[in-house]
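Visitor: Please find target_35.txt (compact mmCIF, N, CA and C atoms) on the next line:
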```
# COMPACT_ATOMS: atom_id res chain seq x y z
N MET A 1 114.87 91.48 94.43
CA MET A 1 113.45 91.54 94.74
C MET A 1 112.93 90.11 94.90
N ILE A 2 112.23 89.92 95.97
CA ILE A 2 111.70 88.59 96.26
C ILE A 2 110.20 88.71 96.49
N GLY A 3 109.40 87.85 95.86
CA GLY A 3 107.95 87.88 96.08
C GLY A 3 107.40 89.26 95.79
N GLY A 4 106.60 89.79 96.72
CA GLY A 4 106.04 91.12 96.57
C GLY A 4 107.00 92.19 97.03
N HIS A 5 108.00 91.80 97.79
CA HIS A 5 108.94 92.74 98.38
C HIS A 5 109.89 93.32 97.34
N MET A 6 110.21 94.59 97.47
CA MET A 6 111.16 95.23 96.56
C MET A 6 112.36 95.71 97.34
N ASP A 7 113.50 95.74 96.67
CA ASP A 7 114.72 96.23 97.31
C ASP A 7 114.54 97.69 97.71
N GLU A 8 115.15 98.07 98.81
CA GLU A 8 115.08 99.44 99.31
C GLU A 8 115.60 100.43 98.27
N ALA A 9 116.57 100.02 97.48
CA ALA A 9 117.15 100.91 96.46
C ALA A 9 116.10 101.35 95.44
N TYR A 10 115.18 100.44 95.08
CA TYR A 10 114.11 100.82 94.15
C TYR A 10 113.21 101.88 94.78
N TRP A 11 112.79 101.64 96.02
CA TRP A 11 111.92 102.60 96.69
C TRP A 11 112.62 103.94 96.85
N MET A 12 113.92 103.91 97.16
CA MET A 12 114.68 105.15 97.33
C MET A 12 114.70 105.93 96.01
N GLU A 13 114.90 105.23 94.90
CA GLU A 13 114.93 105.90 93.61
C GLU A 13 113.55 106.43 93.20
N PHE A 14 112.50 105.66 93.48
CA PHE A 14 111.14 106.17 93.23
C PHE A 14 110.91 107.45 94.02
N LEU A 15 111.25 107.42 95.31
CA LEU A 15 111.04 108.59 96.16
C LEU A 15 111.85 109.78 95.65
N LYS A 16 113.08 109.54 95.27
CA LYS A 16 113.93 110.61 94.73
C LYS A 16 113.27 111.26 93.51
N GLN A 17 112.75 110.45 92.60
CA GLN A 17 112.11 110.98 91.39
C GLN A 17 110.82 111.74 91.73
N TYR A 18 110.04 111.22 92.68
CA TYR A 18 108.81 111.91 93.08
C TYR A 18 109.13 113.23 93.78
N GLN A 19 110.21 113.27 94.57
CA GLN A 19 110.60 114.52 95.22
C GLN A 19 111.03 115.56 94.19
N LYS A 20 111.79 115.13 93.19
CA LYS A 20 112.18 116.06 92.11
C LYS A 20 110.94 116.55 91.37
N LYS A 21 110.06 115.64 91.04
CA LYS A 21 108.84 116.00 90.31
C LYS A 21 108.02 117.00 91.12
N TYR A 22 107.90 116.77 92.42
CA TYR A 22 107.18 117.70 93.30
C TYR A 22 107.82 119.08 93.24
N GLY A 23 109.15 119.15 93.29
CA GLY A 23 109.84 120.44 93.22
C GLY A 23 109.53 121.18 91.93
N TYR A 24 109.55 120.45 90.82
CA TYR A 24 109.22 121.07 89.53
C TYR A 24 107.77 121.56 89.51
N ILE A 25 106.86 120.76 90.00
CA ILE A 25 105.44 121.13 89.98
C ILE A 25 105.17 122.33 90.89
N ALA A 26 105.83 122.36 92.05
CA ALA A 26 105.68 123.51 92.94
C ALA A 26 106.22 124.78 92.27
N GLU A 27 107.30 124.65 91.53
CA GLU A 27 107.87 125.79 90.83
C GLU A 27 106.95 126.23 89.69
N ILE A 28 106.32 125.29 89.00
CA ILE A 28 105.36 125.64 87.95
C ILE A 28 104.21 126.44 88.56
N GLN A 29 103.76 126.04 89.73
CA GLN A 29 102.68 126.78 90.40
C GLN A 29 103.12 128.22 90.70
N ARG A 30 104.33 128.37 91.25
CA ARG A 30 104.84 129.70 91.59
C ARG A 30 104.96 130.56 90.34
N ILE A 31 105.51 129.99 89.28
CA ILE A 31 105.69 130.74 88.03
C ILE A 31 104.35 131.11 87.43
N THR A 32 103.37 130.21 87.51
CA THR A 32 102.04 130.50 86.98
C THR A 32 101.40 131.66 87.73
N LYS A 33 101.58 131.70 89.05
CA LYS A 33 101.08 132.85 89.84
C LYS A 33 101.74 134.14 89.37
N GLU A 34 103.07 134.11 89.20
CA GLU A 34 103.80 135.29 88.73
C GLU A 34 103.36 135.69 87.32
N LEU A 35 103.10 134.70 86.48
CA LEU A 35 102.64 134.97 85.12
C LEU A 35 101.31 135.71 85.14
N GLY A 36 100.40 135.27 85.99
CA GLY A 36 99.12 135.96 86.13
C GLY A 36 99.31 137.40 86.59
N ASP A 37 100.22 137.60 87.53
CA ASP A 37 100.51 138.95 88.02
C ASP A 37 101.11 139.82 86.91
N ALA A 38 102.05 139.24 86.15
CA ALA A 38 102.69 139.99 85.06
C ALA A 38 101.67 140.38 84.00
N LEU A 39 100.78 139.47 83.67
CA LEU A 39 99.75 139.79 82.68
C LEU A 39 98.77 140.83 83.23
N GLY A 40 98.51 140.77 84.52
CA GLY A 40 97.65 141.78 85.15
C GLY A 40 98.26 143.17 85.06
N ARG A 41 99.58 143.24 85.06
CA ARG A 41 100.30 144.53 84.92
C ARG A 41 100.55 144.86 83.45
N ASN A 42 100.13 143.96 82.56
CA ASN A 42 100.36 144.10 81.12
C ASN A 42 101.86 144.13 80.80
N ASP A 43 102.64 143.37 81.57
CA ASP A 43 104.09 143.29 81.40
C ASP A 43 104.41 142.10 80.49
N LYS A 44 104.41 142.36 79.19
CA LYS A 44 104.60 141.29 78.21
C LYS A 44 106.01 140.71 78.23
N VAL A 45 107.00 141.51 78.55
CA VAL A 45 108.39 141.02 78.61
C VAL A 45 108.52 140.00 79.74
N ALA A 46 108.01 140.35 80.92
CA ALA A 46 108.06 139.42 82.06
C ALA A 46 107.25 138.16 81.75
N ALA A 47 106.10 138.33 81.11
CA ALA A 47 105.25 137.19 80.79
C ALA A 47 105.99 136.22 79.87
N GLN A 48 106.67 136.73 78.85
CA GLN A 48 107.42 135.87 77.93
C GLN A 48 108.54 135.12 78.68
N LEU A 49 109.23 135.84 79.54
CA LEU A 49 110.30 135.22 80.33
C LEU A 49 109.74 134.11 81.22
N LEU A 50 108.62 134.39 81.86
CA LEU A 50 107.99 133.42 82.76
C LEU A 50 107.48 132.20 82.00
N LEU A 51 106.95 132.42 80.80
CA LEU A 51 106.51 131.28 79.99
C LEU A 51 107.68 130.36 79.64
N GLY A 52 108.82 130.94 79.34
CA GLY A 52 110.01 130.14 79.06
C GLY A 52 110.46 129.37 80.30
N MET A 53 110.44 130.03 81.45
CA MET A 53 110.82 129.37 82.70
C MET A 53 109.87 128.22 83.01
N ARG A 54 108.59 128.46 82.80
CA ARG A 54 107.59 127.43 83.09
C ARG A 54 107.78 126.23 82.16
N SER A 55 108.11 126.50 80.93
CA SER A 55 108.37 125.43 79.97
C SER A 55 109.56 124.56 80.42
N ASP A 56 110.60 125.20 80.94
CA ASP A 56 111.76 124.46 81.44
C ASP A 56 111.36 123.54 82.61
N GLU A 57 110.52 124.04 83.50
CA GLU A 57 110.08 123.24 84.65
C GLU A 57 109.22 122.07 84.17
N MET A 58 108.40 122.30 83.16
CA MET A 58 107.57 121.22 82.60
C MET A 58 108.45 120.13 82.00
N ALA A 59 109.55 120.53 81.39
CA ALA A 59 110.49 119.55 80.84
C ALA A 59 111.10 118.71 81.98
N GLY A 60 111.32 119.33 83.13
CA GLY A 60 111.82 118.60 84.29
C GLY A 60 110.82 117.56 84.77
N VAL A 61 109.53 117.92 84.78
CA VAL A 61 108.48 116.98 85.16
C VAL A 61 108.48 115.80 84.18
N ASP A 62 108.57 116.11 82.90
CA ASP A 62 108.59 115.05 81.88
C ASP A 62 109.77 114.10 82.10
N LEU A 63 110.94 114.65 82.44
CA LEU A 63 112.11 113.81 82.67
C LEU A 63 111.89 112.89 83.89
N CYS A 64 111.32 113.43 84.96
CA CYS A 64 111.03 112.61 86.14
C CYS A 64 110.05 111.49 85.79
N GLU A 65 109.02 111.82 85.04
CA GLU A 65 108.05 110.80 84.64
C GLU A 65 108.71 109.73 83.76
N LYS A 66 109.62 110.15 82.91
CA LYS A 66 110.35 109.20 82.07
C LYS A 66 111.21 108.29 82.95
N ASN A 67 111.89 108.88 83.93
CA ASN A 67 112.73 108.09 84.83
C ASN A 67 111.91 107.09 85.65
N ILE A 68 110.75 107.52 86.11
CA ILE A 68 109.86 106.62 86.85
C ILE A 68 109.42 105.48 85.93
N GLY A 69 109.07 105.82 84.71
CA GLY A 69 108.68 104.80 83.73
C GLY A 69 109.80 103.81 83.46
N MET A 70 111.03 104.31 83.37
CA MET A 70 112.17 103.42 83.13
C MET A 70 112.40 102.50 84.33
N LEU A 71 112.23 103.03 85.53
CA LEU A 71 112.35 102.17 86.71
C LEU A 71 111.34 101.03 86.64
N LEU A 72 110.12 101.39 86.29
CA LEU A 72 109.06 100.38 86.21
C LEU A 72 109.32 99.38 85.08
N GLU A 73 109.80 99.88 83.94
CA GLU A 73 110.07 99.00 82.80
C GLU A 73 111.15 97.96 83.11
N ASN A 74 112.08 98.32 83.98
CA ASN A 74 113.18 97.42 84.31
C ASN A 74 112.82 96.40 85.38
N MET A 75 111.56 96.33 85.73
CA MET A 75 111.10 95.37 86.74
C MET A 75 110.33 94.25 86.05
N GLU A 76 110.29 93.14 86.71
CA GLU A 76 109.44 92.05 86.22
C GLU A 76 107.99 92.51 86.33
N GLN A 77 107.13 91.95 85.52
CA GLN A 77 105.73 92.39 85.46
C GLN A 77 105.06 92.36 86.82
N ALA A 78 105.25 91.29 87.60
CA ALA A 78 104.62 91.18 88.91
C ALA A 78 105.13 92.26 89.86
N GLN A 79 106.43 92.56 89.80
CA GLN A 79 107.01 93.60 90.65
C GLN A 79 106.49 94.97 90.24
N ARG A 80 106.38 95.20 88.94
CA ARG A 80 105.87 96.48 88.43
C ARG A 80 104.45 96.71 88.91
N LYS A 81 103.61 95.68 88.79
CA LYS A 81 102.23 95.78 89.24
C LYS A 81 102.17 96.05 90.74
N TYR A 82 102.98 95.34 91.50
CA TYR A 82 103.03 95.52 92.96
C TYR A 82 103.44 96.95 93.31
N ALA A 83 104.49 97.46 92.66
CA ALA A 83 104.98 98.82 92.94
C ALA A 83 103.90 99.86 92.64
N VAL A 84 103.29 99.75 91.46
CA VAL A 84 102.25 100.70 91.06
C VAL A 84 101.05 100.60 92.01
N ASP A 85 100.63 99.38 92.32
CA ASP A 85 99.50 99.19 93.23
C ASP A 85 99.79 99.78 94.61
N CYS A 86 101.00 99.59 95.11
CA CYS A 86 101.37 100.16 96.41
C CYS A 86 101.33 101.68 96.37
N MET A 87 101.94 102.26 95.33
CA MET A 87 102.03 103.72 95.24
C MET A 87 100.66 104.36 95.02
N GLU A 88 99.74 103.64 94.38
CA GLU A 88 98.42 104.20 94.10
C GLU A 88 97.38 103.77 95.11
N GLY A 89 97.81 103.09 96.17
CA GLY A 89 96.90 102.76 97.26
C GLY A 89 96.01 101.56 97.02
N ARG A 90 96.32 100.75 96.01
CA ARG A 90 95.50 99.57 95.72
C ARG A 90 96.04 98.32 96.40
N ALA A 91 97.25 98.42 96.95
CA ALA A 91 97.84 97.29 97.66
C ALA A 91 98.53 97.82 98.91
N GLU A 92 98.60 97.00 99.91
CA GLU A 92 99.28 97.38 101.15
C GLU A 92 100.73 96.91 101.05
N PRO A 93 101.69 97.83 101.17
CA PRO A 93 103.09 97.43 101.08
C PRO A 93 103.49 96.59 102.28
N GLU A 94 104.52 95.81 102.09
CA GLU A 94 105.06 95.04 103.21
C GLU A 94 105.60 96.01 104.25
N GLU A 95 105.73 95.55 105.47
CA GLU A 95 106.11 96.40 106.61
C GLU A 95 107.36 97.24 106.33
N ALA A 96 108.39 96.63 105.79
CA ALA A 96 109.65 97.34 105.55
C ALA A 96 109.51 98.44 104.50
N GLU A 97 108.45 98.38 103.69
CA GLU A 97 108.27 99.34 102.60
C GLU A 97 107.27 100.44 102.92
N LYS A 98 106.59 100.34 104.04
CA LYS A 98 105.50 101.28 104.35
C LYS A 98 105.96 102.72 104.41
N VAL A 99 107.13 102.99 104.96
CA VAL A 99 107.62 104.36 105.07
C VAL A 99 107.86 104.95 103.68
N TRP A 100 108.49 104.17 102.79
CA TRP A 100 108.75 104.65 101.43
C TRP A 100 107.45 104.95 100.71
N VAL A 101 106.55 104.01 100.75
CA VAL A 101 105.28 104.15 100.02
C VAL A 101 104.47 105.31 100.61
N SER A 102 104.48 105.46 101.92
CA SER A 102 103.76 106.56 102.56
C SER A 102 104.29 107.91 102.09
N LYS A 103 105.60 108.04 101.99
CA LYS A 103 106.20 109.29 101.53
C LYS A 103 105.84 109.57 100.07
N ILE A 104 105.86 108.54 99.24
CA ILE A 104 105.50 108.69 97.82
C ILE A 104 104.04 109.10 97.69
N ARG A 105 103.16 108.44 98.43
CA ARG A 105 101.73 108.78 98.37
C ARG A 105 101.49 110.21 98.84
N ASP A 106 102.21 110.63 99.89
CA ASP A 106 102.07 111.99 100.39
C ASP A 106 102.47 113.00 99.31
N LEU A 107 103.57 112.74 98.62
CA LEU A 107 103.99 113.63 97.53
C LEU A 107 102.96 113.64 96.40
N GLN A 108 102.39 112.47 96.08
CA GLN A 108 101.37 112.41 95.03
C GLN A 108 100.16 113.27 95.40
N THR A 109 99.74 113.20 96.66
CA THR A 109 98.59 113.99 97.13
C THR A 109 98.90 115.48 97.03
N LYS A 110 100.09 115.87 97.47
CA LYS A 110 100.48 117.28 97.40
C LYS A 110 100.54 117.76 95.95
N MET A 111 101.11 116.93 95.07
CA MET A 111 101.21 117.32 93.66
C MET A 111 99.84 117.48 93.04
N LYS A 112 98.91 116.60 93.37
CA LYS A 112 97.57 116.69 92.82
C LYS A 112 96.91 118.01 93.22
N SER A 113 97.07 118.40 94.46
CA SER A 113 96.50 119.66 94.95
C SER A 113 97.13 120.86 94.24
N ILE A 114 98.44 120.84 94.12
CA ILE A 114 99.15 121.94 93.45
C ILE A 114 98.72 122.02 91.98
N LEU A 115 98.61 120.87 91.33
CA LEU A 115 98.21 120.86 89.92
C LEU A 115 96.80 121.41 89.73
N GLN A 116 95.88 121.06 90.63
CA GLN A 116 94.51 121.58 90.52
C GLN A 116 94.52 123.11 90.61
N ASP A 117 95.29 123.65 91.56
CA ASP A 117 95.39 125.10 91.71
C ASP A 117 96.03 125.72 90.46
N THR A 118 97.09 125.11 89.97
CA THR A 118 97.80 125.65 88.81
C THR A 118 96.92 125.62 87.57
N ILE A 119 96.19 124.54 87.37
CA ILE A 119 95.30 124.44 86.21
C ILE A 119 94.21 125.51 86.27
N SER A 120 93.64 125.74 87.45
CA SER A 120 92.59 126.77 87.54
C SER A 120 93.17 128.15 87.26
N ARG A 121 94.39 128.42 87.72
CA ARG A 121 95.04 129.71 87.40
C ARG A 121 95.34 129.80 85.91
N ASP A 122 95.81 128.70 85.34
CA ASP A 122 96.15 128.67 83.93
C ASP A 122 94.92 128.91 83.06
N LYS A 123 93.78 128.37 83.48
CA LYS A 123 92.53 128.60 82.73
C LYS A 123 92.22 130.09 82.64
N VAL A 124 92.35 130.78 83.76
CA VAL A 124 92.07 132.22 83.79
C VAL A 124 93.03 132.96 82.86
N ILE A 125 94.31 132.63 82.95
CA ILE A 125 95.32 133.28 82.12
C ILE A 125 95.03 133.00 80.64
N ASN A 126 94.77 131.75 80.32
CA ASN A 126 94.54 131.35 78.94
C ASN A 126 93.31 132.03 78.36
N GLN A 127 92.25 132.08 79.12
CA GLN A 127 91.02 132.71 78.63
C GLN A 127 91.20 134.22 78.47
N ARG A 128 92.01 134.82 79.37
CA ARG A 128 92.25 136.25 79.26
C ARG A 128 93.06 136.55 78.00
N LEU A 129 94.01 135.68 77.68
CA LEU A 129 94.85 135.90 76.51
C LEU A 129 94.17 135.53 75.19
N ALA A 130 93.43 134.42 75.20
CA ALA A 130 92.90 133.89 73.94
C ALA A 130 91.41 134.12 73.74
N GLY A 131 90.71 134.52 74.78
CA GLY A 131 89.28 134.76 74.65
C GLY A 131 88.55 133.52 74.19
N ASP A 132 87.73 133.65 73.14
CA ASP A 132 86.95 132.52 72.61
C ASP A 132 87.83 131.43 72.00
N LYS A 133 89.07 131.77 71.67
CA LYS A 133 89.99 130.78 71.09
C LYS A 133 90.79 130.05 72.15
N SER A 134 90.47 130.29 73.40
CA SER A 134 91.16 129.66 74.52
C SER A 134 91.09 128.14 74.42
N PHE A 135 92.15 127.48 74.76
CA PHE A 135 92.19 126.01 74.81
C PHE A 135 91.05 125.50 75.68
N TYR A 136 90.81 126.14 76.79
CA TYR A 136 89.79 125.67 77.72
C TYR A 136 88.38 125.90 77.21
N VAL A 137 88.15 127.01 76.48
CA VAL A 137 86.83 127.28 75.92
C VAL A 137 86.54 126.30 74.79
N SER A 138 87.53 126.07 73.93
CA SER A 138 87.31 125.15 72.81
C SER A 138 87.08 123.73 73.30
N ARG A 139 87.66 123.34 74.43
CA ARG A 139 87.46 122.00 74.99
C ARG A 139 86.07 121.83 75.58
N ALA A 140 85.48 122.94 76.03
CA ALA A 140 84.15 122.88 76.67
C ALA A 140 83.04 122.71 75.66
N LYS A 141 83.32 123.01 74.41
CA LYS A 141 82.27 122.92 73.38
C LYS A 141 81.99 121.52 72.97
```
Write the structure described by the file as structure tokens, please.

Guide:
Amino acid sequence: MIGGHMDEAYWMEFLKQYQKKYGYIAEIQRITKELGDALGRNDKVAAQLLLGMRSDEMAGVDLCEKNIGMLLENMEQAQRKYAVDCMEGRAEPEEAEKVWVSKIRDLQTKMKSILQDTISRDKVINQRLAGDKSFYVSRAK
């Protein structure tokens, strides 16, 4: 790594981790939809199975975030700041890095949209199951 520029291998590994994370988050969304359907049918066995599956996918997201963090930790401070700033849109990447950063930003945008949908579905499920004791109701107070 020289100056603000980062080796292509770093960008490739960031992209790989973001793609994996996106896959896990998309699967969490799908499972959450199925969970809502199972609860609507009062199918407690399917709901329990789906909760376990969703937990496994969440562990995958955690692993990707850990891997991204480790990539960043292994960089010099200036490189870490540059990488984060590029990925979060606060800095313009150098020409050779624009494709990598664009793909990462696109995945971040997609994940944010999926997460918003999943959280809103999860709120409905949680409130239906827990009523006044719902995580979301207790947070609103």

Visitor: Can you work out the spacing between atom CA of A:Arg80 and atom CA of A:Lys98 in Å, to one decimal?

Guide: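 A separation of 16.6 Å between them.
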
Visitor: Give me, please, the distance in Å between atom CA of A:Met111 and atom CA of A:Arg128, quoted to one decimal.

Guide: 25.4 Å

Visitor: Would you list, as a count of residues only, the residues of chain A that end up in alpha helix (DSSP H) under DSSP run on this structure's backbone?

Guide: 113

Visitor: Point out the residue among A:Asp7, A:Glu27, A:Glu13, A:Glu88 with the least atom-to-atom distance to A:Thr118, counting only C-alpha atoms.

Guide: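 Nearest to A:Thr118: A:Glu27.
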
Visitor: One number please: atom CA of A:Cys86 to atom CA of A:Ile68, in Å, one decimal.

Guide: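 Spanning atom CA of A:Cys86 to atom CA of A:Ile68 is a straight-line distance of 14.3 Å.
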
Visitor: Excluding same-chain residues fewer than 4 positions from A:Trp11, what lies within 8 Å of it counting all atoms listed in the file, as a PyMOL selection string?

Guide: chain A and resi 6-7+15-17+97+100-101

Visitor: Do a neighbour search on A:Gln48 at 12 Å with only C-alpha atoms, toss out local chain neighbours closer than 3 positions, and write the hits as a list of chain:residue names.

Guide: A:Ile31, A:Thr32, A:Glu34, A:Leu35, A:Gly36, A:Ala38, A:Leu39, A:Asn42, A:Asp43, A:Lys44, A:Val45, A:Leu51, A:Gly52, A:Met53, A:Arg54, A:Ser55

Visitor: Applying 12 Å and only C-alpha atoms, which residues near A:Asp62 remain after dropping the ones on its own chain fewer than 2 positions away? List them as a PyMOL selection string.

Guide: chain A and resi 17-18+20-22+24-25+55-60+64-69

Visitor: A:Ala26, A:Ala46, A:Val84, A:Leu63: which is nearest A:Asp117, counting only C-alpha atoms?

Guide: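 Counting only C-alpha atoms, the residue closest to A:Asp117 is A:Ala26.
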
Visitor: Would you please work out which residue, of A:Leu71, A:Arg105, A:Gln77, A:Val61, is nearest to A:Gly89 when using all atoms listed in the file?

Guide: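 Nearest candidate to A:Gly89 out of A:Leu71, A:Arg105, A:Gln77, A:Val61: A:Arg105.
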
Visitor: Take every atom of stretch 72-78 of chain A listed in the file, pad by 8 Å on each side, and give me the axis-aligned box centre and edge lengths in Å, one decimal, as JSON.

Guide:
```
{"center_x": 108.9, "center_y": 96.3, "center_z": 86.3, "size_x": 24.6, "size_y": 26.2, "size_z": 23.1}
```

Visitor: Restricting the calculation to only C-alpha atoms, which member of A:Ala47, A:Leu115, A:Met12, A:Met75 is positioned closest to A:Lys103?

Guide: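 Using only C-alpha atoms, the shortest distance to A:Lys103 belongs to A:Met12.
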
Visitor: Generate the coordinates of all heavy atoms for stretch 92-101 of chain A; report them as a CSV table (one decimal), in the frame of the given file.

Guide:
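Result saved to out_29.csv:
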```
chain,number,residue,atom,x,y,z
A,92,GLU,N,98.6,97.0,99.9
A,92,GLU,CA,99.3,97.4,101.2
A,92,GLU,C,100.7,96.9,101.0
A,92,GLU,O,101.0,95.7,100.9
A,92,GLU,CB,98.6,96.7,102.3
A,92,GLU,CG,99.0,97.3,103.7
A,92,GLU,CD,98.7,98.8,103.8
A,92,GLU,OE1,97.7,99.3,103.3
A,92,GLU,OE2,99.5,99.5,104.4
A,93,PRO,N,101.7,97.8,101.2
A,93,PRO,CA,103.1,97.4,101.1
A,93,PRO,C,103.5,96.6,102.3
A,93,PRO,O,102.9,96.7,103.4
A,93,PRO,CB,103.8,98.8,101.1
A,93,PRO,CG,102.9,99.7,101.7
A,93,PRO,CD,101.5,99.3,101.4
A,94,GLU,N,104.5,95.8,102.1
A,94,GLU,CA,105.1,95.0,103.2
A,94,GLU,C,105.6,96.0,104.2
A,94,GLU,O,105.9,97.2,104.0
A,94,GLU,CB,106.1,94.1,102.7
A,94,GLU,CG,105.6,93.0,101.8
A,94,GLU,CD,106.6,91.9,101.4
A,94,GLU,OE1,107.6,91.8,102.1
A,94,GLU,OE2,106.3,91.2,100.5
A,95,GLU,N,105.7,95.6,105.5
A,95,GLU,CA,106.1,96.4,106.6
A,95,GLU,C,107.4,97.2,106.3
A,95,GLU,O,107.4,98.4,106.6
A,95,GLU,CB,106.3,95.5,107.9
A,95,GLU,CG,106.4,96.3,109.1
A,95,GLU,CD,105.1,97.1,109.4
A,95,GLU,OE1,104.0,96.6,109.2
A,95,GLU,OE2,105.2,98.2,109.9
A,96,ALA,N,108.4,96.6,105.8
A,96,ALA,CA,109.6,97.3,105.6
A,96,ALA,C,109.5,98.4,104.5
A,96,ALA,O,110.4,99.3,104.4
A,96,ALA,CB,110.7,96.3,105.1
A,97,GLU,N,108.4,98.4,103.7
A,97,GLU,CA,108.3,99.3,102.6
A,97,GLU,C,107.3,100.4,102.9
A,97,GLU,O,107.1,101.4,102.1
A,97,GLU,CB,107.8,98.6,101.3
A,97,GLU,CG,108.8,97.5,100.9
A,97,GLU,CD,108.2,96.5,100.0
A,97,GLU,OE1,107.0,96.3,100.0
A,97,GLU,OE2,109.0,95.9,99.2
A,98,LYS,N,106.6,100.3,104.0
A,98,LYS,CA,105.5,101.3,104.4
A,98,LYS,C,106.0,102.7,104.4
A,98,LYS,O,105.3,103.6,103.9
A,98,LYS,CB,104.8,100.9,105.6
A,98,LYS,CG,103.9,99.7,105.5
A,98,LYS,CD,103.1,99.4,106.7
A,98,LYS,CE,102.2,98.2,106.4
A,98,LYS,NZ,101.3,97.9,107.5
A,99,VAL,N,107.1,103.0,105.0
A,99,VAL,CA,107.6,104.4,105.1
A,99,VAL,C,107.9,105.0,103.7
A,99,VAL,O,107.5,106.1,103.4
A,99,VAL,CB,108.9,104.4,105.9
A,99,VAL,CG1,109.5,105.8,105.9
A,99,VAL,CG2,108.6,104.0,107.4
A,100,TRP,N,108.5,104.2,102.8
A,100,TRP,CA,108.8,104.6,101.4
A,100,TRP,C,107.4,105.0,100.7
A,100,TRP,O,107.3,106.0,100.1
A,100,TRP,CB,109.5,103.6,100.6
A,100,TRP,CG,110.9,103.3,101.2
A,100,TRP,CD1,111.3,102.2,101.9
A,100,TRP,CD2,112.0,104.1,101.1
A,100,TRP,NE1,112.6,102.3,102.2
A,100,TRP,CE2,113.1,103.4,101.8
A,100,TRP,CE3,112.3,105.4,100.6
A,100,TRP,CZ2,114.4,104.0,101.9
A,100,TRP,CZ3,113.6,105.9,100.7
A,100,TRP,CH2,114.6,105.2,101.3
A,101,VAL,N,106.6,104.0,100.8
A,101,VAL,CA,105.3,104.2,100.0
A,101,VAL,C,104.5,105.3,100.6
A,101,VAL,O,103.9,106.1,99.9
A,101,VAL,CB,104.5,102.8,100.0
A,101,VAL,CG1,103.1,103.0,99.4
A,101,VAL,CG2,105.3,101.7,99.3
```
